$ cat my_file18.cif   # mmCIF, C-alpha atoms
data_work
#
loop_
_atom_site.label_atom_id
_atom_site.label_comp_id
_atom_site.auth_asym_id
_atom_site.auth_seq_id
_atom_site.Cartn_x
_atom_site.Cartn_y
_atom_site.Cartn_z
CA MET A 19 -18.90 -97.32 -63.62
CA ASN A 20 -18.74 -94.20 -65.72
CA ASN A 21 -15.32 -92.83 -66.48
CA PRO A 22 -14.87 -89.17 -65.57
CA ILE A 23 -14.82 -86.74 -68.47
CA ARG A 24 -11.37 -85.26 -68.98
CA THR A 25 -11.45 -81.55 -69.73
CA LEU A 26 -8.94 -78.82 -70.43
CA SER A 27 -9.11 -75.18 -69.55
CA ARG A 28 -9.11 -72.63 -72.35
CA ASP A 29 -5.51 -71.67 -71.56
CA ASP A 30 -4.33 -75.29 -71.54
CA ALA A 31 -6.09 -75.99 -74.84
CA GLU A 32 -4.49 -72.86 -76.32
CA HIS A 33 -1.12 -74.15 -75.12
CA PHE A 34 -1.26 -77.81 -76.16
CA ALA A 35 -2.90 -77.25 -79.57
CA ARG A 36 0.27 -75.55 -80.88
CA ASN A 37 3.20 -76.94 -82.82
CA ILE A 38 6.37 -77.50 -80.79
CA HIS A 39 9.86 -76.32 -81.78
CA GLN A 40 12.99 -76.97 -79.71
CA ARG A 41 15.22 -73.93 -79.32
CA VAL A 42 17.85 -72.32 -77.06
CA VAL A 43 17.13 -68.97 -75.42
CA SER A 44 19.50 -66.16 -76.38
CA GLY A 45 19.14 -62.68 -74.89
CA GLY A 46 15.64 -63.52 -73.67
CA ARG A 47 14.59 -64.32 -77.23
CA ILE A 48 13.75 -67.44 -79.18
CA GLN A 49 13.76 -67.64 -82.98
CA VAL A 50 11.65 -69.75 -85.35
CA ASP A 51 11.53 -69.27 -89.14
CA ASN A 52 13.18 -65.82 -89.16
CA LEU A 53 10.80 -64.58 -86.45
CA GLU A 54 11.67 -63.74 -82.85
CA TRP A 55 9.70 -63.63 -79.60
CA PHE A 56 10.91 -61.90 -76.42
CA SER A 57 9.99 -62.10 -72.75
CA GLN A 58 11.70 -60.57 -69.72
CA ALA A 59 10.74 -63.63 -67.68
CA LEU A 60 12.43 -65.73 -70.34
CA ARG A 61 15.54 -63.56 -69.97
CA ASN A 62 15.57 -64.20 -66.20
CA PHE A 63 15.18 -67.94 -66.82
CA GLU A 64 18.16 -67.82 -69.18
CA ILE A 65 20.34 -66.04 -66.60
CA GLU A 66 19.46 -68.61 -63.91
CA ARG A 67 20.39 -71.47 -66.23
CA ARG A 68 23.63 -69.82 -67.27
CA ASN A 69 24.62 -69.27 -63.63
CA LEU A 70 24.07 -73.00 -63.03
CA HIS A 71 26.20 -73.76 -66.11
CA GLN A 72 23.19 -75.25 -67.83
CA SER A 73 21.93 -74.61 -71.34
CA PRO A 74 18.60 -72.74 -71.48
CA ASP A 75 16.94 -75.31 -73.74
CA VAL A 76 13.23 -74.73 -74.21
CA ASP A 77 10.19 -75.98 -76.09
CA VAL A 78 8.48 -73.26 -78.13
CA TYR A 79 4.74 -73.59 -78.78
CA ILE A 80 3.70 -71.81 -81.99
CA ASN A 81 0.20 -71.21 -83.34
CA GLU A 82 0.79 -71.39 -87.10
CA LEU A 83 -2.41 -69.45 -87.77
CA ASP A 84 -1.47 -66.48 -85.57
CA LEU A 85 2.22 -65.74 -84.91
CA GLU A 86 1.71 -62.83 -82.51
CA ILE A 87 2.35 -64.82 -79.30
CA ALA A 88 4.47 -67.88 -78.45
CA PHE A 89 4.49 -69.98 -75.28
CA VAL A 90 7.80 -71.30 -73.95
CA THR A 91 8.57 -74.01 -71.36
CA PRO A 92 11.88 -75.60 -70.23
CA ARG A 93 12.79 -78.58 -72.41
CA GLY A 94 10.62 -81.58 -71.51
CA GLN A 95 8.88 -79.82 -68.57
CA PRO A 96 5.27 -78.60 -68.44
CA SER A 97 6.17 -75.63 -66.22
CA PRO A 98 7.04 -72.87 -65.73
CA ARG A 99 5.32 -71.52 -68.81
CA PHE A 100 6.44 -68.21 -70.29
CA LYS A 101 4.49 -66.00 -72.66
CA ALA A 102 6.69 -64.33 -75.26
CA ASP A 103 5.57 -61.51 -77.56
CA SER A 104 6.67 -61.14 -81.16
CA THR A 105 9.33 -58.53 -81.87
CA LEU A 106 7.24 -57.68 -84.99
CA PRO A 107 3.84 -57.20 -83.33
CA THR A 108 2.09 -55.34 -86.16
CA TYR A 109 3.33 -57.70 -88.86
CA CYS A 110 2.64 -60.93 -86.94
CA LYS A 111 -0.85 -60.05 -85.69
CA GLY A 112 -3.19 -62.54 -87.37
CA LEU A 113 -0.41 -63.72 -89.70
CA SER A 114 -0.13 -67.41 -90.61
CA LEU A 115 3.21 -69.19 -90.89
CA TYR A 116 2.43 -70.20 -94.47
CA GLU A 117 1.86 -66.60 -95.57
CA HIS A 118 4.99 -65.49 -93.70
CA GLU A 119 7.08 -68.04 -95.59
CA LEU A 120 5.70 -66.76 -98.91
CA VAL A 121 6.45 -63.14 -97.98
CA VAL A 122 10.03 -64.02 -96.97
CA HIS A 123 10.52 -65.90 -100.23
CA ALA A 124 9.21 -62.91 -102.21
CA THR A 125 11.49 -60.47 -100.39
CA LYS A 126 14.54 -62.66 -101.01
CA GLN A 127 13.74 -62.67 -104.74
CA ALA A 128 13.65 -58.85 -104.85
CA ASP A 129 16.58 -56.85 -106.22
CA GLU A 130 19.00 -54.92 -104.04
CA ALA A 131 17.00 -51.67 -104.32
CA HIS A 132 13.94 -53.37 -102.77
CA LYS A 133 15.59 -55.48 -100.07
CA VAL A 134 13.67 -55.71 -96.80
CA ASP A 135 15.01 -55.95 -93.26
CA LEU A 136 13.34 -59.05 -91.85
CA GLN A 137 13.60 -57.64 -88.31
CA ASN A 138 11.99 -54.27 -89.13
CA ASP A 139 8.30 -54.28 -88.27
CA GLN A 140 7.28 -51.44 -90.60
CA GLN A 141 9.21 -52.80 -93.59
CA MET A 142 7.72 -56.25 -93.12
CA VAL A 143 4.22 -54.75 -92.93
CA GLU A 144 4.82 -52.96 -96.24
CA ALA A 145 6.18 -56.18 -97.78
CA LEU A 146 3.07 -58.04 -96.62
CA LYS A 147 0.80 -55.38 -98.16
CA ALA A 148 2.71 -55.54 -101.45
CA PHE A 149 2.49 -59.34 -101.48
CA ARG A 150 -1.29 -59.36 -100.88
CA LEU A 151 -1.78 -56.67 -103.53
CA ALA A 152 0.16 -58.77 -106.06
CA ILE A 153 -2.04 -61.78 -105.24
CA ALA A 154 -5.19 -59.67 -105.71
CA LYS A 155 -4.02 -58.48 -109.14
CA CYS A 156 -3.01 -61.96 -110.31
CA LYS A 157 -5.00 -62.90 -113.40
CA ASP A 158 -5.91 -66.55 -113.24
CA LYS A 159 -8.67 -67.69 -115.60
CA ARG A 160 -9.42 -70.79 -113.56
CA SER A 161 -9.68 -68.84 -110.31
CA ALA A 162 -11.78 -66.19 -112.03
CA LYS A 163 -14.19 -68.87 -113.27
CA LYS A 164 -14.48 -70.29 -109.75
CA LEU A 165 -15.24 -66.82 -108.41
CA VAL A 166 -18.00 -66.39 -111.00
CA ILE A 167 -19.58 -69.73 -110.09
CA SER A 168 -19.29 -68.94 -106.36
CA ALA A 169 -20.98 -65.58 -106.93
CA GLU A 170 -23.80 -67.27 -108.83
CA ARG A 171 -24.23 -69.84 -106.04
CA LEU A 172 -24.31 -67.07 -103.45
CA LYS A 173 -26.95 -65.19 -105.43
CA LEU A 174 -28.99 -68.38 -105.81
CA ALA A 175 -28.69 -69.09 -102.08
CA GLN A 176 -29.90 -65.60 -101.26
CA GLU A 177 -32.85 -65.98 -103.60
CA GLN A 178 -33.77 -69.37 -102.16
CA SER A 179 -32.96 -68.31 -98.56
CA LEU A 180 -30.47 -71.14 -98.16
CA PRO A 181 -27.91 -71.16 -95.31
CA LYS A 182 -24.40 -70.07 -96.27
CA GLY A 183 -23.03 -73.43 -95.16
CA ASP A 184 -24.66 -75.02 -98.21
CA LEU A 185 -22.75 -72.90 -100.71
CA ASN A 186 -20.08 -75.59 -101.18
CA GLU A 187 -22.74 -77.89 -102.57
CA ALA A 188 -24.13 -77.30 -106.02
CA PRO A 189 -27.70 -75.98 -105.80
CA ALA A 190 -30.47 -77.75 -107.64
CA ASP A 191 -30.84 -74.92 -110.16
CA LEU A 192 -27.11 -74.61 -110.91
CA PRO A 193 -27.44 -76.19 -114.40
CA ALA A 194 -30.02 -73.53 -115.22
CA VAL A 195 -27.60 -70.85 -114.03
CA GLU A 196 -24.83 -72.35 -116.13
CA ALA A 197 -27.12 -72.44 -119.17
CA LYS A 198 -28.14 -68.83 -118.57
CA ARG A 199 -24.50 -67.80 -118.33
CA LYS A 200 -23.69 -69.61 -121.57
CA ARG A 201 -26.66 -67.98 -123.33
CA GLY A 202 -25.25 -64.62 -122.37
CA ARG A 203 -22.11 -65.26 -124.41
CA PRO A 204 -22.04 -63.81 -127.93
CA ARG A 205 -22.63 -66.44 -130.54
CA LYS A 206 -20.10 -67.02 -133.23
CA GLN A 207 -21.29 -65.83 -136.62
CA GLN A 208 -21.56 -68.68 -139.06
CA SER A 209 -20.65 -68.18 -142.65
CA PRO A 210 -23.81 -68.00 -144.80
CA VAL A 211 -24.56 -71.08 -146.83
CA SER A 212 -24.98 -70.44 -150.50
CA THR A 213 -28.42 -71.35 -151.78
CA THR A 214 -27.67 -70.85 -155.44
CA GLN A 215 -28.19 -73.92 -157.57
CA MET A 216 -26.06 -74.87 -160.49
CA ALA A 217 -27.83 -74.94 -163.81
CA PRO A 218 -27.52 -78.32 -165.49
CA SER A 219 -25.03 -78.37 -168.32
CA ALA A 220 -25.61 -80.05 -171.64
CA SER A 221 -22.38 -81.99 -171.24
CA MET A 222 -23.36 -83.39 -167.86
CA PRO A 223 -25.14 -86.79 -167.93
CA THR A 224 -28.62 -86.97 -166.51
CA ILE A 225 -28.93 -89.53 -163.70
CA SER A 226 -32.28 -91.06 -163.01
CA VAL A 227 -33.11 -92.02 -159.46
CA LEU A 228 -36.36 -93.81 -160.30
CA PRO A 229 -36.38 -97.56 -159.56
CA VAL A 230 -36.21 -99.79 -162.64
CA ALA A 231 -39.00 -102.32 -162.81
CA ARG A 232 -37.81 -105.90 -163.54
CA SER A 233 -39.78 -108.64 -165.22
CA ARG A 234 -40.83 -111.83 -163.44
CA GLU A 235 -38.28 -113.89 -165.39
CA GLU A 236 -35.44 -111.61 -164.37
CA ARG A 237 -36.39 -111.83 -160.71
CA LEU A 238 -36.52 -115.65 -160.85
CA GLN A 239 -33.17 -115.75 -162.59
CA SER A 240 -31.66 -113.56 -159.86
CA ILE A 241 -33.05 -115.81 -157.14
CA ASN A 242 -31.72 -118.98 -158.81
CA SER A 243 -28.28 -117.45 -159.21
CA ARG A 244 -28.11 -116.76 -155.45
CA ILE A 245 -29.17 -120.35 -154.70
#
$ encode --input "my_file18.cif" --output "structure tokens"
Amino acid sequence: MNNPIRTLSRDDAEHFARNIHQRVVSGGRIQVDNLEWFSQALRNFEIERRNLHQSPDVDVYINELDLEIAFVTPRGQPSPRFKADSTLPTYCKGLSLYEHELVVHATKQADEAHKVDLQNDQQMVEALKAFRLAIAKCKDKRSAKKLVISAERLKLAQEQSLPKGDLNEAPADLPAVEAKRKRGRPRKQQSPVSTTQMAPSASMPTISVLPVARSREERLQSINSRI
């Protein structure tokens, strides 16, 4: 008997593939990592819970690769499901949580004259642009070398009509590319070796390198001494 294949709709997959944070609704908003999401339906849910003298505890589903939208459900319940929009829509569109944390850290390190309001969409957009510009201008020799090698691999792949998916693997002719790149470097100039020869002095002894022939008796005597 074949077991039925379990499938999920696109919306369910989008919902369950997110990280979960437990929060309490306040003013129709939920907050995670200095970011807020708002929904009028969430505000109505909060009012209903408050009227019943219950805490509006919810589970917040966050996509850490795109912070524009969050899904919210009552704590421990699959439904109802609310869709909440970011209060910083321009800043959060396509923004990852990791990059957001770096931007917040950079803004907190700034002096008083360059402080940023974390709830102001336009100011956060400008802070994000400044952060990405600083990363682009960062001079890292190791990263620069990797970029050069990647560019050479891309050029090789284009010449050999290789698929882009193979760029992570070193092509067969990469040693030749490396050798060509090294040949392009300027060679260090070596100090010239002096070819002048010293004239022999009268006071210097003359050394002969010719072998000295020994007589038969001397060779026998040498052999006997070793025995």
$ resolve_selection --input "my_file18.cif" --expression "the PyMOL selection byres ((chain A and resi 35) around 12)" --output "PyMOL selection string"
chain A and resi 26-34+36-38+79-83+88-89
$ resolve_selection --input "my_file18.cif" --expression "the PyMOL selection byres ((chain A and resi 121) around 12)" --output "PyMOL selection string"
chain A and resi 51-52+109-110+113-120+122-128+134+136+141-153
$ atom_distance --input "my_file18.cif" --atom1 "CA of Glu66 (chain A)" --atom2 "CA of His39 (chain A)"
21.7 Å
$ closest_residue --input "my_file18.cif" --among "A:Ile87, A:Ala59, A:Ala154, A:Ile48" --to "Phe100 (chain A)" --atoms "all atoms listed in the file"
A:Ala59
$ atom_distance --input "my_file18.cif" --atom1 "CA of Val76 (chain A)" --atom2 "CA of Gln95 (chain A)"
8.8 Å
$ resolve_selection --input "my_file18.cif" --expression "the PyMOL selection byres ((chain A and resi 77) around 6)" --output "ChimeraX atom specification"
/A:39-40,76,78,90-91,93
$ write_last_selection --input "my_file18.cif" --atoms "C-alpha atoms" --output "PDB file, in the frame of the given file"
ATOM      1  CA  HIS A  39       9.860 -76.320 -81.780  1.00  0.00           C
ATOM      2  CA  GLN A  40      12.990 -76.970 -79.710  1.00  0.00           C
ATOM      3  CA  VAL A  76      13.230 -74.730 -74.210  1.00  0.00           C
ATOM      4  CA  VAL A  78       8.480 -73.260 -78.130  1.00  0.00           C
ATOM      5  CA  VAL A  90       7.800 -71.300 -73.950  1.00  0.00           C
ATOM      6  CA  THR A  91       8.570 -74.010 -71.360  1.00  0.00           C
ATOM      7  CA  ARG A  93      12.790 -78.580 -72.410  1.00  0.00           C
TER       8      ARG A  93
END
$ atom_distance --input "my_file18.cif" --atom1 "CA of Gly94 (chain A)" --atom2 "CA of Arg41 (chain A)"
11.9 Å
$ residues_around --input "my_file18.cif" --residues "region 54-58 of chain A" --least-positions-apart "5" --cutoff "6 Å" --atoms "only C-alpha atoms" --output "count of residues only"
8
$ closest_residue --input "my_file18.cif" --among "A:Leu60, A:Asp139, A:Gly45, A:Val50" --to "Pro92 (chain A)" --atoms "all atoms listed in the file"
A:Leu60
